[in-house]
Each structure stands twice: as structure tokens, then as C-alpha cells.
Amino acid sequence: MLVAAGVDHEAVAANVDESAVKLSLGEPRSITLDLAAAKALDVSRSRPGDWVIGSDSVVSVDGVRYSKPKDREQAAEHLRAFSGRTMLLSSAVALANSGKIGWSHPETARLEVRPLNEKFIQDYLDAEWPEVGYCVGVFRMEGRGVTLFDRIEGNYFAILGMPLLPLLGALRDRGLMAA
């Protein structure tokens, strides 16, 4: 998304124990904010003066939070659990500089998953695995994941993994992109 938007950046992996944050009893929206901030802070501490972007997403269905599937069978289990239900996808982005958060923004989208039968699930995974194994929610909107849903409400970019439009505004406000 950043490349397509013309944001000059370097991808750097953060050293953050996401599982500890995800085990908290917080709401998905606050968990995504905490994770996005933790990632941005971790990288910014080793890059003084650089603005660092961190982001994360959490999916929940009926109050149960889901992480990326460990394998294809767990991906199928997740899809069975999502079938005919409302998925809430919370996504957040944070900007840090010199070990301090300078800005953050969360968004939550509602995705109505249509009823999925076993044949569809297996055919879908045949076509989309292993790529969807790296995705919370077991879908890619830019792929066949769009066929999982009857209705979607929310920011498209947040569904892709990061609230991009608010981030671009924050980058422009800080003079990090052309206004």
C-alpha cells in the first residue's frame, strides 16, 4: 500500500511479542493500537530522528479473537467459525519518532461473512493457500477473499491491513509527504 501511494519507506521488522499483547483482556481496537504503537516504538528506538510506521490488525467474531492460522486445517476451522457471522476487523497505525508515539489512528470494519459450505472452503483454500495463511481473517480482498462476504462496512485500506488515508494525512501534516 505504501509503495502504491508513493511513500518512500524501508521495511524493518519489529521485535515485539505480539502474543503477550493479544492475550490481554482489552478490546480488539485497543489491542491493535497497542500493537501498532509497540512496533513503531521498537523500531524507532534504533533509528533516532526517523519517523517509523507501525500497524496491526485483529479479527473477532462473536467476541472471539482470531490470529493468523497456523496451518491450512486451522484456516479451514477459522472459515467454518466465520461462516454466516459478522467479522469485526480492527486495524490501527501509529507513527513514532525517537522512541515516542507522535500519532496513532484505529478503525474497525464490519464484514458480513456469507454462509460457507465445506466444498467452497476447500476450493477457496486450494486457490488461495498459502497466501491467506499470512492474513488475519484468512482472506485477501485483492484476491478471492472478496467472495467470502455478503456486505462490508468500513475503510477498504483498513481492511487491507492499515488505515492508509489517515496515515497519509498524518505524513503530510508532518511534512513527510508532499501536500
# chains A, B, ... in the order shown; residues from 1 in each chain; ligands from 1
$ residues_around --residues "A:Asp34" --least-positions-apart "5" --cutoff "9 Å" --atoms "only C-alpha atoms" --output "PyMOL selection string"
chain A and resi 21+29+39+56+92
$ residues_around --residues "A:Ala158" --least-positions-apart "6" --cutoff "7 Å" --atoms "only C-alpha atoms" --output "list of chain:residue names"
A:Ser91, A:Glu107, A:Leu164
$ closest_residue --among "A:Pro28, A:Pro106, A:Gly54, A:Gly99" --to "A:Gly154" --atoms "only C-alpha atoms"
A:Pro106
$ select_by_dssp --residues "stretch 35-179 of chain A" --states "strand (DSSP E or B)" --output "PyMOL selection string"
chain A and resi 51-61+64-66+86-97+100-113+149-153
$ closest_residue --among "A:Phe157, A:Phe149, A:Trp129, A:Phe120" --to "A:Met87" --atoms "only C-alpha atoms"
A:Phe149
$ select_by_dssp --residues "stretch 84-145 of chain A" --states "alpha helix (DSSP H)" --output "PyMOL selection string"
chain A and resi 118-128
$ write_last_selection --atoms "N, CA and C atoms" --output "JSON list (two decimals), in the first residue's frame"
[["chain", "number", "residue", "atom", "x", "y", "z"],
["A", 118, "GLU", "N", -18.64, -26.60, 3.00],
["A", 118, "GLU", "CA", -17.33, -27.27, 3.06],
["A", 118, "GLU", "C", -16.64, -27.30, 1.69],
["A", 119, "LYS", "N", -17.39, -27.52, 0.63],
["A", 119, "LYS", "CA", -16.78, -27.55, -0.71],
["A", 119, "LYS", "C", -16.20, -26.18, -1.05],
["A", 120, "PHE", "N", -16.95, -25.13, -0.75],
["A", 120, "PHE", "CA", -16.42, -23.79, -1.02],
["A", 120, "PHE", "C", -15.14, -23.56, -0.23],
["A", 121, "ILE", "N", -15.14, -23.91, 1.06],
["A", 121, "ILE", "CA", -13.96, -23.70, 1.91],
["A", 121, "ILE", "C", -12.74, -24.40, 1.33],
["A", 122, "GLN", "N", -12.90, -25.65, 0.93],
["A", 122, "GLN", "CA", -11.77, -26.41, 0.39],
["A", 122, "GLN", "C", -11.32, -25.84, -0.96],
["A", 123, "ASP", "N", -12.26, -25.50, -1.83],
["A", 123, "ASP", "CA", -11.92, -24.90, -3.13],
["A", 123, "ASP", "C", -11.21, -23.55, -2.94],
["A", 124, "TYR", "N", -11.72, -22.77, -2.00],
["A", 124, "TYR", "CA", -11.13, -21.47, -1.70],
["A", 124, "TYR", "C", -9.69, -21.64, -1.23],
["A", 125, "LEU", "N", -9.47, -22.56, -0.30],
["A", 125, "LEU", "CA", -8.11, -22.77, 0.21],
["A", 125, "LEU", "C", -7.20, -23.37, -0.86],
["A", 126, "ASP", "N", -7.75, -24.23, -1.73],
["A", 126, "ASP", "CA", -6.95, -24.74, -2.85],
["A", 126, "ASP", "C", -6.42, -23.59, -3.70],
["A", 127, "ALA", "N", -7.25, -22.58, -3.91],
["A", 127, "ALA", "CA", -6.87, -21.45, -4.77],
["A", 127, "ALA", "C", -6.02, -20.41, -4.03],
["A", 128, "GLU", "N", -6.24, -20.21, -2.74],
["A", 128, "GLU", "CA", -5.63, -19.08, -2.02],
["A", 128, "GLU", "C", -4.51, -19.46, -1.05]]
$ closest_residue --among "A:Ala20, A:Ala75, A:Ala109, A:Ala11" --to "A:Val52" --atoms "only C-alpha atoms"
A:Ala11
